[in-house]
Amino acid sequence: MESALAVSRLPPHDPGTPVLSVVDMHTGGEPLRIVLAGCPEVSGPTLLAKRRYMRQHLDHVRRRLMFEPRGHRDMYGAVLVPSELQDAHLGVLFLHNEGYSSMCGHAVLALGRFALDFGLVPAPAAGTREARVNIHCPCGLVTAFVACEDGRSHGPVRFHSVPAFVLATDLMVDVPGHGKVVVDIAYGGAFYAFVSAEKLGLDICSAKTRDLVDAASTVTEAVKAQFKINHPDSEDLAFLYGTILTDGKDAYTKEPTTNICVFADEQVDRSPTGSGVTARIALQYHKGLLELNQTRAFKSSTTGSVFTGKAVRGLSQQVKEGAAQEYHQRCSFPGLHPGLFNYSGETQLPCCEDTQAALWRSPHGCSKKQNGKFCTKRTKQQFSTLRSCCCLPEVYMGIKIQVLFAFRCPKLISGSCSLHCPIVL
């Protein structure tokens, strides 16, 4: 691939300076810089190992690609690497202004078209209207479906994401400058906190972007400080990626619901955010506001671009119970009393006024326990608080879904445009 994409003429530069060949694309206004050639080898037996290797040994490549003068504060990137999965057509590492993401929906949509047009997948048979592209992301295998004509991309792209789930609902977080704010946390390949902008005194459609960014970033830092994230499969995926502020219109309507995603180091997603919308669909489905195969539209507050998505299937009760048991066996929560893992309905909680804060304040459990004894709380409210502060994924609550995500964008910024250019590091 590198020889086919070689650039014959370069601007004057030091011959010893590496040169990367990239293609710049966008999805709904959100940029994606794809590294085609020139990146040093990324070592590692698995994609997550490669992600760790690049973070530890090749971070200078990310910084030069993402930051000025070659990039900008909200630049996003993708490095193509081999995958250990037999079914994957390609593996990808996602880059942003702070580091490396586990999933990126807008990038998957762009990469689907890119892989088809640049010959990274077998040419579709004559008459094929939709080509399948299997992309191995750090969160797992994601399948993109690219509308095509005569073997080239033509029209919208959709993707079938990894299973999405809700981690916590109605979590009370003390947010500096805003007091106690109720947030939800859900996973769509990456973890996000969700809160209505109105709860922070802002209008998602009319507020200044800077004010929305400041508020969302404050929520992110507050959640990170007060809530521990765990993922049932890998600790590499157990981190809060950002906060998504919404218009609060979670109940289903045919009109788009608006949101803005602020992730990494106050980076703003110009699209509605593919992985964020996936997580938001899981959240709405969990709350009974969205049914299976019911399509919902999501609009970016910054560009007006629109994504649509739907929940396509839930897990059977047997699978749910098996996943819950496996998660219980594989994950531990240091500092929590063993009695806290009693799922029979009677749940032991420490004697304290603020259960949620106390559970994580002390490595030995509640700092207000009396003579080392614990009391038993049986109320639904207390059990809900326990589930939230213990970071038990919503698989326990019976929700773990896969999301089929379709892309639609306004005419002015439809599809994905590309620019092939060399970058001298």
# chains A, B, ... in the order shown; residues from 1 in each chain; ligands from 1

call {"tool": "residues_around", "arguments": {"residues": "segment 299-303 of chain A", "least_positions_apart": "5", "cutoff": "10 Å", "atoms": "only C-alpha atoms", "output": "PyMOL selection string"}}
result
chain A and resi 28-30+204-209+245-247+255-261+268-273+277+308+408-410+413

call {"tool": "write_last_selection", "arguments": {"atoms": "N, CA, C and O atoms", "output": "compact mmCIF listing (two decimals), in the first residue's frame"}}
result
# COMPACT_ATOMS: atom_id res chain seq x y z
N GLY A 28 -19.90 14.34 8.98
CA GLY A 28 -20.78 15.29 9.65
C GLY A 28 -20.03 16.49 10.20
O GLY A 28 -20.45 17.09 11.18
N GLY A 29 -18.91 16.83 9.58
CA GLY A 29 -18.12 17.97 10.03
C GLY A 29 -16.99 17.62 10.97
O GLY A 29 -16.12 18.45 11.23
N GLU A 30 -16.97 16.40 11.49
CA GLU A 30 -15.91 15.99 12.41
C GLU A 30 -14.74 15.40 11.64
O GLU A 30 -14.91 14.46 10.84
N ILE A 204 -28.84 24.06 25.19
CA ILE A 204 -27.94 23.35 24.30
C ILE A 204 -27.90 23.97 22.90
O ILE A 204 -26.90 23.87 22.19
N CYS A 205 -28.97 24.64 22.51
CA CYS A 205 -29.06 25.17 21.15
C CYS A 205 -28.57 26.61 21.02
O CYS A 205 -28.15 27.03 19.95
N SER A 206 -28.63 27.37 22.12
CA SER A 206 -28.28 28.79 22.02
C SER A 206 -27.06 29.20 22.82
O SER A 206 -26.50 30.28 22.60
N ALA A 207 -26.63 28.37 23.76
CA ALA A 207 -25.47 28.73 24.59
C ALA A 207 -24.19 28.77 23.77
O ALA A 207 -24.07 28.08 22.75
N LYS A 208 -23.24 29.57 24.22
CA LYS A 208 -21.94 29.61 23.56
C LYS A 208 -21.24 28.26 23.73
O LYS A 208 -21.31 27.64 24.79
N THR A 209 -20.55 27.85 22.68
CA THR A 209 -19.84 26.56 22.74
C THR A 209 -18.85 26.54 23.89
O THR A 209 -18.69 25.53 24.58
N LEU A 245 -23.67 16.66 26.79
CA LEU A 245 -24.78 17.48 27.23
C LEU A 245 -25.91 17.35 26.22
O LEU A 245 -25.68 17.38 25.00
N THR A 246 -27.13 17.20 26.70
CA THR A 246 -28.27 16.98 25.82
C THR A 246 -29.32 18.07 26.01
O THR A 246 -29.25 18.89 26.94
N ASP A 247 -30.32 18.04 25.12
CA ASP A 247 -31.45 18.96 25.26
C ASP A 247 -32.51 18.42 26.21
O ASP A 247 -33.56 19.05 26.41
N GLU A 255 -38.63 14.07 15.65
CA GLU A 255 -37.69 15.18 15.51
C GLU A 255 -36.35 14.81 16.16
O GLU A 255 -36.32 14.10 17.16
N PRO A 256 -35.24 15.31 15.61
CA PRO A 256 -33.93 15.01 16.21
C PRO A 256 -33.80 15.58 17.62
O PRO A 256 -34.36 16.64 17.92
N THR A 257 -33.09 14.87 18.46
CA THR A 257 -32.71 15.39 19.77
C THR A 257 -31.27 15.88 19.68
O THR A 257 -30.43 15.24 19.03
N THR A 258 -30.99 17.02 20.29
CA THR A 258 -29.71 17.68 20.12
C THR A 258 -28.75 17.40 21.27
O THR A 258 -29.18 17.33 22.43
N ASN A 259 -27.47 17.22 20.96
CA ASN A 259 -26.47 17.06 22.01
C ASN A 259 -25.12 17.59 21.53
O ASN A 259 -24.91 17.85 20.35
N ILE A 260 -24.21 17.75 22.49
CA ILE A 260 -22.83 18.10 22.19
C ILE A 260 -21.94 17.21 23.05
O ILE A 260 -22.20 17.01 24.23
N CYS A 261 -20.91 16.65 22.42
CA CYS A 261 -19.98 15.78 23.13
C CYS A 261 -18.66 16.52 23.34
O CYS A 261 -18.06 17.04 22.39
N VAL A 268 -14.06 19.08 21.22
CA VAL A 268 -15.46 19.13 20.84
C VAL A 268 -15.68 18.31 19.58
O VAL A 268 -14.98 18.49 18.58
N ASP A 269 -16.65 17.42 19.63
CA ASP A 269 -17.02 16.63 18.46
C ASP A 269 -18.02 17.44 17.63
O ASP A 269 -19.07 17.82 18.12
N ARG A 270 -17.68 17.70 16.38
CA ARG A 270 -18.57 18.48 15.52
C ARG A 270 -19.73 17.65 14.99
O ARG A 270 -20.72 18.20 14.51
N SER A 271 -19.62 16.35 15.04
CA SER A 271 -20.71 15.46 14.67
C SER A 271 -21.53 15.14 15.92
O SER A 271 -21.13 15.51 17.04
N PRO A 272 -22.65 14.44 15.78
CA PRO A 272 -23.41 14.05 16.98
C PRO A 272 -22.69 13.02 17.86
O PRO A 272 -23.15 12.73 18.95
N THR A 273 -21.59 12.45 17.38
CA THR A 273 -20.74 11.49 18.10
C THR A 273 -21.30 10.07 18.00
O THR A 273 -22.28 9.71 18.65
N VAL A 277 -23.74 8.51 20.65
CA VAL A 277 -25.12 8.25 20.29
C VAL A 277 -25.47 6.78 20.56
O VAL A 277 -26.56 6.45 21.02
N THR A 308 -28.55 8.95 12.69
CA THR A 308 -29.71 8.19 13.15
C THR A 308 -29.24 6.83 13.66
O THR A 308 -28.23 6.30 13.18
N ARG A 408 -26.68 9.89 8.62
CA ARG A 408 -27.33 10.81 7.70
C ARG A 408 -26.85 12.20 8.03
O ARG A 408 -26.64 12.56 9.18
N CYS A 409 -26.65 13.00 7.04
CA CYS A 409 -26.03 14.29 7.23
C CYS A 409 -26.71 15.33 6.34
O CYS A 409 -27.17 14.99 5.24
N PRO A 410 -26.81 16.59 6.76
CA PRO A 410 -27.40 17.63 5.91
C PRO A 410 -26.65 17.77 4.58
O PRO A 410 -25.49 17.42 4.46
N ILE A 413 -23.01 19.39 4.11
CA ILE A 413 -21.80 18.68 4.54
C ILE A 413 -22.03 17.18 4.46
O ILE A 413 -21.69 16.44 5.35

call {"tool": "residues_around", "arguments": {"residues": "segment 141-151 of chain A", "least_positions_apart": "3", "cutoff": "10 Å", "atoms": "only C-alpha atoms", "output": "short mmCIF file (atom, residue, chain, number, x, y, z; two decimals) with all heavy atoms, in the first residue's frame"}}
result
data_model
loop_
_atom_site.label_atom_id
_atom_site.label_comp_id
_atom_site.auth_asym_id
_atom_site.auth_seq_id
_atom_site.Cartn_x
_atom_site.Cartn_y
_atom_site.Cartn_z
N SER A 83 -4.66 -6.55 12.43
CA SER A 83 -5.50 -7.07 13.51
C SER A 83 -5.21 -8.54 13.73
O SER A 83 -4.89 -9.27 12.79
CB SER A 83 -6.98 -6.87 13.17
OG SER A 83 -7.80 -7.61 14.05
N LEU A 85 -7.57 -10.48 14.73
CA LEU A 85 -8.84 -11.14 14.49
C LEU A 85 -8.95 -11.59 13.04
O LEU A 85 -8.73 -10.81 12.11
CB LEU A 85 -10.01 -10.20 14.82
CG LEU A 85 -10.07 -9.67 16.27
CD1 LEU A 85 -11.32 -8.81 16.45
CD2 LEU A 85 -10.07 -10.81 17.27
N ASP A 87 -11.51 -12.30 11.23
CA ASP A 87 -12.60 -11.71 10.46
C ASP A 87 -12.40 -10.23 10.14
O ASP A 87 -13.18 -9.66 9.38
CB ASP A 87 -13.92 -11.88 11.22
CG ASP A 87 -14.34 -13.34 11.34
OD1 ASP A 87 -13.91 -14.14 10.48
OD2 ASP A 87 -15.07 -13.68 12.28
N ALA A 88 -11.39 -9.60 10.73
CA ALA A 88 -11.20 -8.16 10.54
C ALA A 88 -10.49 -7.87 9.21
O ALA A 88 -9.52 -8.53 8.86
CB ALA A 88 -10.41 -7.58 11.69
N HIS A 89 -10.99 -6.88 8.50
CA HIS A 89 -10.30 -6.41 7.30
C HIS A 89 -9.13 -5.49 7.66
O HIS A 89 -8.15 -5.41 6.93
CB HIS A 89 -11.27 -5.67 6.39
CG HIS A 89 -12.32 -6.55 5.78
ND1 HIS A 89 -13.67 -6.41 6.02
CD2 HIS A 89 -12.20 -7.61 4.93
CE1 HIS A 89 -14.34 -7.32 5.35
NE2 HIS A 89 -13.48 -8.07 4.68
N LEU A 90 -9.26 -4.77 8.75
CA LEU A 90 -8.21 -3.87 9.20
C LEU A 90 -8.38 -3.59 10.68
O LEU A 90 -9.47 -3.73 11.24
CB LEU A 90 -8.22 -2.56 8.43
CG LEU A 90 -9.44 -1.64 8.59
CD1 LEU A 90 -9.04 -0.18 8.43
CD2 LEU A 90 -10.51 -1.97 7.56
N GLY A 91 -7.27 -3.21 11.31
CA GLY A 91 -7.31 -2.74 12.69
C GLY A 91 -7.04 -1.25 12.71
O GLY A 91 -6.41 -0.72 11.79
N MET A 103 -13.08 3.73 20.95
CA MET A 103 -14.05 3.61 19.88
C MET A 103 -14.33 4.99 19.31
O MET A 103 -14.25 6.00 20.03
CB MET A 103 -15.36 2.98 20.41
CG MET A 103 -16.53 2.98 19.46
SD MET A 103 -16.17 2.11 17.90
CE MET A 103 -17.70 2.35 17.02
N GLY A 105 -17.24 6.37 16.42
CA GLY A 105 -18.25 6.09 15.41
C GLY A 105 -18.07 6.89 14.14
O GLY A 105 -18.21 6.35 13.03
N VAL A 108 -15.36 5.30 12.17
CA VAL A 108 -15.78 4.05 11.55
C VAL A 108 -16.55 4.32 10.26
O VAL A 108 -16.36 3.65 9.24
CB VAL A 108 -16.63 3.21 12.53
CG1 VAL A 108 -17.35 2.08 11.81
CG2 VAL A 108 -15.74 2.64 13.64
N LEU A 109 -17.43 5.31 10.29
CA LEU A 109 -18.20 5.66 9.10
C LEU A 109 -17.28 6.10 7.96
O LEU A 109 -17.43 5.68 6.81
CB LEU A 109 -19.20 6.77 9.44
CG LEU A 109 -20.31 6.38 10.43
CD1 LEU A 109 -21.06 7.61 10.90
CD2 LEU A 109 -21.27 5.38 9.80
N ALA A 110 -16.30 6.95 8.29
CA ALA A 110 -15.36 7.40 7.27
C ALA A 110 -14.45 6.26 6.81
O ALA A 110 -14.18 6.12 5.60
CB ALA A 110 -14.52 8.56 7.81
N LEU A 111 -13.98 5.45 7.75
CA LEU A 111 -13.08 4.35 7.40
C LEU A 111 -13.77 3.31 6.52
O LEU A 111 -13.11 2.65 5.70
CB LEU A 111 -12.55 3.68 8.67
CG LEU A 111 -11.47 4.44 9.43
CD1 LEU A 111 -11.23 3.82 10.80
CD2 LEU A 111 -10.17 4.49 8.63
N GLY A 112 -15.07 3.15 6.68
CA GLY A 112 -15.79 2.22 5.81
C GLY A 112 -15.68 2.64 4.36
O GLY A 112 -15.35 1.82 3.48
N ARG A 113 -15.92 3.91 4.08
CA ARG A 113 -15.80 4.41 2.71
C ARG A 113 -14.34 4.36 2.24
O ARG A 113 -14.06 3.98 1.10
CB ARG A 113 -16.32 5.84 2.62
CG ARG A 113 -17.77 6.00 3.00
CD ARG A 113 -18.30 7.38 2.67
NE ARG A 113 -18.44 7.55 1.21
CZ ARG A 113 -19.04 8.59 0.66
NH1 ARG A 113 -19.54 9.55 1.42
NH2 ARG A 113 -19.13 8.68 -0.65
N PHE A 114 -13.46 4.74 3.13
CA PHE A 114 -12.03 4.75 2.79
C PHE A 114 -11.55 3.36 2.42
O PHE A 114 -10.84 3.17 1.42
CB PHE A 114 -11.24 5.31 3.97
CG PHE A 114 -9.77 5.12 3.86
CD1 PHE A 114 -8.99 5.98 3.10
CD2 PHE A 114 -9.14 4.05 4.49
CE1 PHE A 114 -7.62 5.79 2.98
CE2 PHE A 114 -7.78 3.86 4.39
CZ PHE A 114 -7.01 4.73 3.62
N ALA A 115 -11.89 2.36 3.25
CA ALA A 115 -11.41 0.99 3.01
C ALA A 115 -11.91 0.46 1.68
O ALA A 115 -11.18 -0.23 0.95
CB ALA A 115 -11.86 0.08 4.15
N LEU A 116 -13.15 0.77 1.34
CA LEU A 116 -13.69 0.30 0.07
C LEU A 116 -13.02 1.02 -1.11
O LEU A 116 -12.59 0.38 -2.08
CB LEU A 116 -15.20 0.54 0.04
CG LEU A 116 -15.92 0.12 -1.25
CD1 LEU A 116 -15.77 -1.38 -1.49
CD2 LEU A 116 -17.40 0.51 -1.19
N ASP A 117 -12.90 2.34 -1.04
CA ASP A 117 -12.37 3.11 -2.16
C ASP A 117 -10.87 2.92 -2.36
O ASP A 117 -10.36 3.09 -3.47
CB ASP A 117 -12.69 4.59 -1.97
CG ASP A 117 -14.18 4.89 -2.09
OD1 ASP A 117 -14.89 4.05 -2.68
OD2 ASP A 117 -14.64 5.92 -1.58
N GLY A 119 -9.29 0.05 -1.70
CA GLY A 119 -9.00 -1.35 -1.97
C GLY A 119 -8.51 -2.14 -0.79
O GLY A 119 -7.79 -3.14 -0.96
N PRO A 122 -11.98 -6.75 -0.20
CA PRO A 122 -12.23 -7.32 -1.53
C PRO A 122 -13.30 -6.52 -2.27
O PRO A 122 -14.27 -6.05 -1.68
CB PRO A 122 -12.72 -8.73 -1.20
CG PRO A 122 -12.14 -9.03 0.14
CD PRO A 122 -12.13 -7.73 0.88
N ALA A 123 -13.11 -6.35 -3.56
CA ALA A 123 -14.08 -5.61 -4.37
C ALA A 123 -15.43 -6.31 -4.33
O ALA A 123 -15.51 -7.54 -4.49
CB ALA A 123 -13.57 -5.50 -5.81
N PRO A 124 -16.50 -5.58 -4.09
CA PRO A 124 -17.82 -6.21 -4.05
C PRO A 124 -18.23 -6.73 -5.43
O PRO A 124 -17.80 -6.21 -6.47
CB PRO A 124 -18.74 -5.06 -3.59
CG PRO A 124 -18.01 -3.80 -3.94
CD PRO A 124 -16.55 -4.13 -3.83
N ALA A 125 -19.05 -7.76 -5.41
CA ALA A 125 -19.51 -8.35 -6.67
C ALA A 125 -20.36 -7.35 -7.45
O ALA A 125 -20.94 -6.42 -6.88
CB ALA A 125 -20.31 -9.61 -6.37
N ALA A 126 -20.42 -7.54 -8.74
CA ALA A 126 -21.21 -6.65 -9.60
C ALA A 126 -22.65 -6.62 -9.13
O ALA A 126 -23.24 -7.66 -8.80
CB ALA A 126 -21.13 -7.13 -11.04
N GLY A 127 -23.20 -5.43 -9.06
CA GLY A 127 -24.58 -5.28 -8.63
C GLY A 127 -24.76 -5.14 -7.14
O GLY A 127 -25.87 -4.89 -6.66
N THR A 128 -23.66 -5.28 -6.36
CA THR A 128 -23.76 -5.14 -4.90
C THR A 128 -24.09 -3.70 -4.52
O THR A 128 -23.46 -2.77 -5.01
CB THR A 128 -22.44 -5.55 -4.22
OG1 THR A 128 -22.16 -6.91 -4.56
CG2 THR A 128 -22.53 -5.40 -2.71
N ARG A 129 -25.06 -3.53 -3.66
CA ARG A 129 -25.49 -2.21 -3.26
C ARG A 129 -24.92 -1.77 -1.90
O ARG A 129 -24.99 -0.60 -1.54
CB ARG A 129 -27.03 -2.15 -3.19
CG ARG A 129 -27.69 -2.32 -4.53
CD ARG A 129 -27.33 -1.19 -5.46
NE ARG A 129 -27.99 -1.30 -6.77
CZ ARG A 129 -27.79 -0.45 -7.77
NH1 ARG A 129 -26.93 0.54 -7.63
NH2 ARG A 129 -28.43 -0.60 -8.92
N GLU A 130 -24.34 -2.72 -1.18
CA GLU A 130 -23.79 -2.39 0.14
C GLU A 130 -22.63 -3.32 0.44
O GLU A 130 -22.78 -4.54 0.41
CB GLU A 130 -24.87 -2.50 1.22
CG GLU A 130 -24.49 -1.88 2.55
CD GLU A 130 -25.64 -1.89 3.54
OE1 GLU A 130 -26.13 -3.00 3.86
OE2 GLU A 130 -26.05 -0.81 4.00
N ALA A 131 -21.46 -2.76 0.69
CA ALA A 131 -20.26 -3.53 0.98
C ALA A 131 -20.05 -3.59 2.49
O ALA A 131 -20.29 -2.62 3.21
CB ALA A 131 -19.05 -2.92 0.30
N ARG A 132 -19.57 -4.73 2.95
CA ARG A 132 -19.31 -4.95 4.38
C ARG A 132 -17.83 -4.76 4.67
O ARG A 132 -16.97 -5.32 3.98
CB ARG A 132 -19.75 -6.36 4.77
CG ARG A 132 -19.55 -6.72 6.23
CD ARG A 132 -19.99 -8.14 6.47
NE ARG A 132 -19.84 -8.52 7.87
CZ ARG A 132 -20.81 -9.02 8.61
NH1 ARG A 132 -22.01 -9.21 8.09
NH2 ARG A 132 -20.60 -9.35 9.86
N VAL A 133 -17.52 -3.96 5.71
CA VAL A 133 -16.14 -3.71 6.11
C VAL A 133 -16.02 -4.00 7.60
O VAL A 133 -16.66 -3.33 8.42
CB VAL A 133 -15.70 -2.27 5.83
CG1 VAL A 133 -14.25 -2.07 6.23
CG2 VAL A 133 -15.90 -1.91 4.35
N ASN A 134 -15.22 -4.99 7.97
CA ASN A 134 -15.02 -5.36 9.38
C ASN A 134 -13.81 -4.61 9.93
O ASN A 134 -12.68 -4.84 9.50
CB ASN A 134 -14.81 -6.86 9.52
CG ASN A 134 -16.06 -7.65 9.16
OD1 ASN A 134 -17.18 -7.17 9.30
ND2 ASN A 134 -15.87 -8.87 8.66
N ILE A 135 -14.07 -3.73 10.87
CA ILE A 135 -13.02 -2.87 11.43
C ILE A 135 -12.79 -3.26 12.88
O ILE A 135 -13.71 -3.18 13.71
CB ILE A 135 -13.43 -1.39 11.33
CG1 ILE A 135 -13.70 -1.03 9.85
CG2 ILE A 135 -12.35 -0.49 11.91
CD1 ILE A 135 -14.30 0.35 9.67
N HIS A 136 -11.57 -3.65 13.20
CA HIS A 136 -11.21 -4.01 14.57
C HIS A 136 -10.82 -2.75 15.33
O HIS A 136 -9.75 -2.18 15.10
CB HIS A 136 -10.08 -5.03 14.58
CG HIS A 136 -9.77 -5.55 15.95
ND1 HIS A 136 -8.66 -6.34 16.22
CD2 HIS A 136 -10.42 -5.41 17.14
CE1 HIS A 136 -8.64 -6.63 17.50
NE2 HIS A 136 -9.69 -6.08 18.09
N CYS A 137 -11.69 -2.30 16.19
CA CYS A 137 -11.43 -1.14 17.05
C CYS A 137 -10.94 -1.64 18.41
O CYS A 137 -11.14 -2.81 18.75
CB CYS A 137 -12.70 -0.31 17.23
SG CYS A 137 -13.46 0.22 15.67
N PRO A 138 -10.31 -0.78 19.22
CA PRO A 138 -9.87 -1.25 20.54
C PRO A 138 -10.99 -1.84 21.40
O PRO A 138 -10.74 -2.71 22.23
CB PRO A 138 -9.31 0.04 21.16
CG PRO A 138 -8.80 0.81 19.99
CD PRO A 138 -9.79 0.56 18.90
N HIS A 154 -20.86 5.03 -2.42
CA HIS A 154 -21.82 5.95 -3.01
C HIS A 154 -23.05 5.99 -2.11
O HIS A 154 -23.86 5.08 -2.11
CB HIS A 154 -22.21 5.49 -4.42
CG HIS A 154 -23.18 6.41 -5.12
ND1 HIS A 154 -22.78 7.58 -5.72
CD2 HIS A 154 -24.53 6.33 -5.28
CE1 HIS A 154 -23.84 8.19 -6.23
NE2 HIS A 154 -24.92 7.45 -5.98
N GLY A 155 -23.14 7.05 -1.31
CA GLY A 155 -24.28 7.15 -0.41
C GLY A 155 -23.90 6.96 1.04
O GLY A 155 -22.72 7.06 1.41
N PRO A 156 -24.87 6.68 1.89
CA PRO A 156 -24.65 6.64 3.34
C PRO A 156 -23.87 5.42 3.80
O PRO A 156 -23.72 4.43 3.08
CB PRO A 156 -26.07 6.63 3.91
CG PRO A 156 -26.89 5.98 2.85
CD PRO A 156 -26.28 6.43 1.54
N VAL A 157 -23.38 5.49 5.01
CA VAL A 157 -22.67 4.40 5.67
C VAL A 157 -23.34 4.15 7.01
O VAL A 157 -23.77 5.10 7.68
CB VAL A 157 -21.18 4.74 5.89
CG1 VAL A 157 -20.45 3.56 6.53
CG2 VAL A 157 -20.52 5.14 4.60
N ARG A 158 -23.45 2.91 7.40
CA ARG A 158 -23.96 2.57 8.73
C ARG A 158 -23.00 1.58 9.37
O ARG A 158 -22.15 1.01 8.69
CB ARG A 158 -25.37 1.97 8.65
CG ARG A 158 -25.46 0.68 7.85
CD ARG A 158 -26.90 0.25 7.61
NE ARG A 158 -26.97 -0.96 6.79
CZ ARG A 158 -27.06 -2.20 7.28
NH1 ARG A 158 -27.08 -2.39 8.61
NH2 ARG A 158 -27.11 -3.23 6.48
N PHE A 159 -23.10 1.39 10.68
CA PHE A 159 -22.26 0.38 11.32
C PHE A 159 -23.02 -0.33 12.42
O PHE A 159 -23.96 0.21 13.00
CB PHE A 159 -20.94 0.95 11.83
CG PHE A 159 -21.06 1.88 13.02
CD1 PHE A 159 -21.18 1.39 14.32
CD2 PHE A 159 -20.99 3.24 12.86
CE1 PHE A 159 -21.25 2.22 15.41
CE2 PHE A 159 -21.07 4.11 13.94
CZ PHE A 159 -21.20 3.60 15.23
N HIS A 160 -22.61 -1.56 12.65
CA HIS A 160 -23.15 -2.40 13.72
C HIS A 160 -22.13 -2.39 14.84
O HIS A 160 -21.03 -2.93 14.69
CB HIS A 160 -23.39 -3.81 13.20
CG HIS A 160 -24.33 -4.61 14.05
ND1 HIS A 160 -24.77 -5.87 13.72
CD2 HIS A 160 -24.93 -4.32 15.23
CE1 HIS A 160 -25.58 -6.32 14.64
NE2 HIS A 160 -25.68 -5.42 15.58
N SER A 161 -22.45 -1.77 15.97
CA SER A 161 -21.47 -1.52 17.02
C SER A 161 -21.31 -2.72 17.95
O SER A 161 -22.01 -3.73 17.84
CB SER A 161 -21.89 -0.28 17.81
OG SER A 161 -20.88 0.08 18.74
N VAL A 162 -20.36 -2.59 18.86
CA VAL A 162 -20.20 -3.57 19.93
C VAL A 162 -21.38 -3.44 20.89
O VAL A 162 -22.08 -2.43 20.88
CB VAL A 162 -18.88 -3.34 20.69
CG1 VAL A 162 -17.69 -3.57 19.78
CG2 VAL A 162 -18.84 -1.93 21.31
N PRO A 163 -21.65 -4.46 21.72
CA PRO A 163 -22.76 -4.34 22.68
C PRO A 163 -22.62 -3.10 23.55
O PRO A 163 -21.55 -2.80 24.07
CB PRO A 163 -22.63 -5.62 23.51
CG PRO A 163 -21.99 -6.60 22.58
CD PRO A 163 -21.02 -5.79 21.76
N GLY A 189 -18.94 1.61 23.33
CA GLY A 189 -17.57 1.47 22.84
C GLY A 189 -16.62 2.35 23.64
O GLY A 189 -15.42 2.14 23.67
N LEU A 404 -27.41 -0.70 15.94
CA LEU A 404 -27.18 -0.52 14.51
C LEU A 404 -27.26 0.96 14.24
O LEU A 404 -28.26 1.61 14.54
CB LEU A 404 -28.25 -1.27 13.72
CG LEU A 404 -28.11 -1.27 12.20
CD1 LEU A 404 -26.83 -1.99 11.82
CD2 LEU A 404 -29.30 -1.94 11.56
N PHE A 405 -26.19 1.50 13.70
CA PHE A 405 -26.06 2.94 13.63
C PHE A 405 -25.99 3.39 12.18
O PHE A 405 -25.12 2.97 11.45
CB PHE A 405 -24.81 3.36 14.39
CG PHE A 405 -24.73 4.82 14.65
CD1 PHE A 405 -25.58 5.41 15.54
CD2 PHE A 405 -23.81 5.60 13.98
CE1 PHE A 405 -25.51 6.76 15.79
CE2 PHE A 405 -23.73 6.94 14.22
CZ PHE A 405 -24.58 7.53 15.12
N ALA A 406 -26.95 4.21 11.77
CA ALA A 406 -26.98 4.71 10.40
C ALA A 406 -26.57 6.17 10.39
O ALA A 406 -26.86 6.90 11.33
CB ALA A 406 -28.37 4.55 9.81
#

call {"tool": "residues_around", "arguments": {"residues": "Pro31 of chain A", "least_positions_apart": "6", "cutoff": "8 Å", "atoms": "only C-alpha atoms", "output": "list in words"}}
result
Asp24, Met25, Met75, Tyr76 and Gly77 of chain A

call {"tool": "closest_residue", "arguments": {"among": "A:Arg51, A:Arg313, A:Lys287, A:Arg62", "to": "Ala251 of chain A", "atoms": "only C-alpha atoms"}}
result
A:Lys287

call {"tool": "residues_around", "arguments": {"residues": "Phe239 of chain A", "least_positions_apart": "5", "cutoff": "8 Å", "atoms": "only C-alpha atoms", "output": "JSON, numbers by chain"}}
result
{"A": [190, 191, 229, 230]}

call {"tool": "select_by_dssp", "arguments": {"residues": "segment 101-261 of chain A", "states": "strand (DSSP E)", "output": "PyMOL selection string"}}
result
chain A and resi 101+130-137+140-149+152-160+165-175+179-187+191-196+240-246+257-261

call {"tool": "residues_around", "arguments": {"residues": "Met172 of chain A", "least_positions_apart": "6", "cutoff": "8 Å", "atoms": "only C-alpha atoms", "output": "VMD selection string"}}
result
chain A and resid 180 to 183

call {"tool": "write_last_selection", "arguments": {"atoms": "N, CA, C and O atoms", "output": "PDB file, in the first residue's frame"}}
result
ATOM      1  N   LYS A 180     -25.158  19.648  43.407  1.00  0.00           N
ATOM      2  CA  LYS A 180     -25.385  18.223  43.117  1.00  0.00           C
ATOM      3  C   LYS A 180     -26.178  18.099  41.818  1.00  0.00           C
ATOM      4  O   LYS A 180     -27.249  18.684  41.675  1.00  0.00           O
ATOM      5  N   VAL A 181     -25.644  17.322  40.903  1.00  0.00           N
ATOM      6  CA  VAL A 181     -26.243  17.148  39.582  1.00  0.00           C
ATOM      7  C   VAL A 181     -26.446  15.654  39.338  1.00  0.00           C
ATOM      8  O   VAL A 181     -25.563  14.840  39.624  1.00  0.00           O
ATOM      9  N   VAL A 182     -27.614  15.296  38.814  1.00  0.00           N
ATOM     10  CA  VAL A 182     -27.919  13.900  38.504  1.00  0.00           C
ATOM     11  C   VAL A 182     -27.440  13.588  37.089  1.00  0.00           C
ATOM     12  O   VAL A 182     -27.812  14.262  36.126  1.00  0.00           O
ATOM     13  N   VAL A 183     -26.598  12.562  36.941  1.00  0.00           N
ATOM     14  CA  VAL A 183     -26.061  12.168  35.634  1.00  0.00           C
ATOM     15  C   VAL A 183     -26.283  10.672  35.422  1.00  0.00           C
ATOM     16  O   VAL A 183     -26.497   9.912  36.369  1.00  0.00           O
TER      17      VAL A 183
END

call {"tool": "atom_distance", "arguments": {"atom1": "atom CA of Arg33 of chain A", "atom2": "atom CA of Thr17 of chain A"}}
result
19.8 Å

call {"tool": "closest_atom_pairs", "arguments": {"of": "segment 211-257 of chain A", "to": "segment 197-202 of chain A", "cutoff": "10 Å", "atoms": "only C-alpha atoms", "output": "Markdown table"}}
result
| residue | atom | partner | partner_atom | distance |
| --- | --- | --- | --- | --- |
| A:Asp211 | CA | A:Leu202 | CA | 8.1 |
| A:Leu212 | CA | A:Leu202 | CA | 7.4 |
| A:Ala215 | CA | A:Leu200 | CA | 7.1 |
| A:Ala216 | CA | A:Ala197 | CA | 8.6 |
| A:Val219 | CA | A:Leu200 | CA | 9.5 |
| A:Ile244 | CA | A:Ala197 | CA | 8.9 |
| A:Leu245 | CA | A:Ala197 | CA | 5.2 |
| A:Thr246 | CA | A:Ala197 | CA | 5.7 |
| A:Asp247 | CA | A:Ala197 | CA | 6.2 |
| A:Gly248 | CA | A:Ala197 | CA | 7.4 |
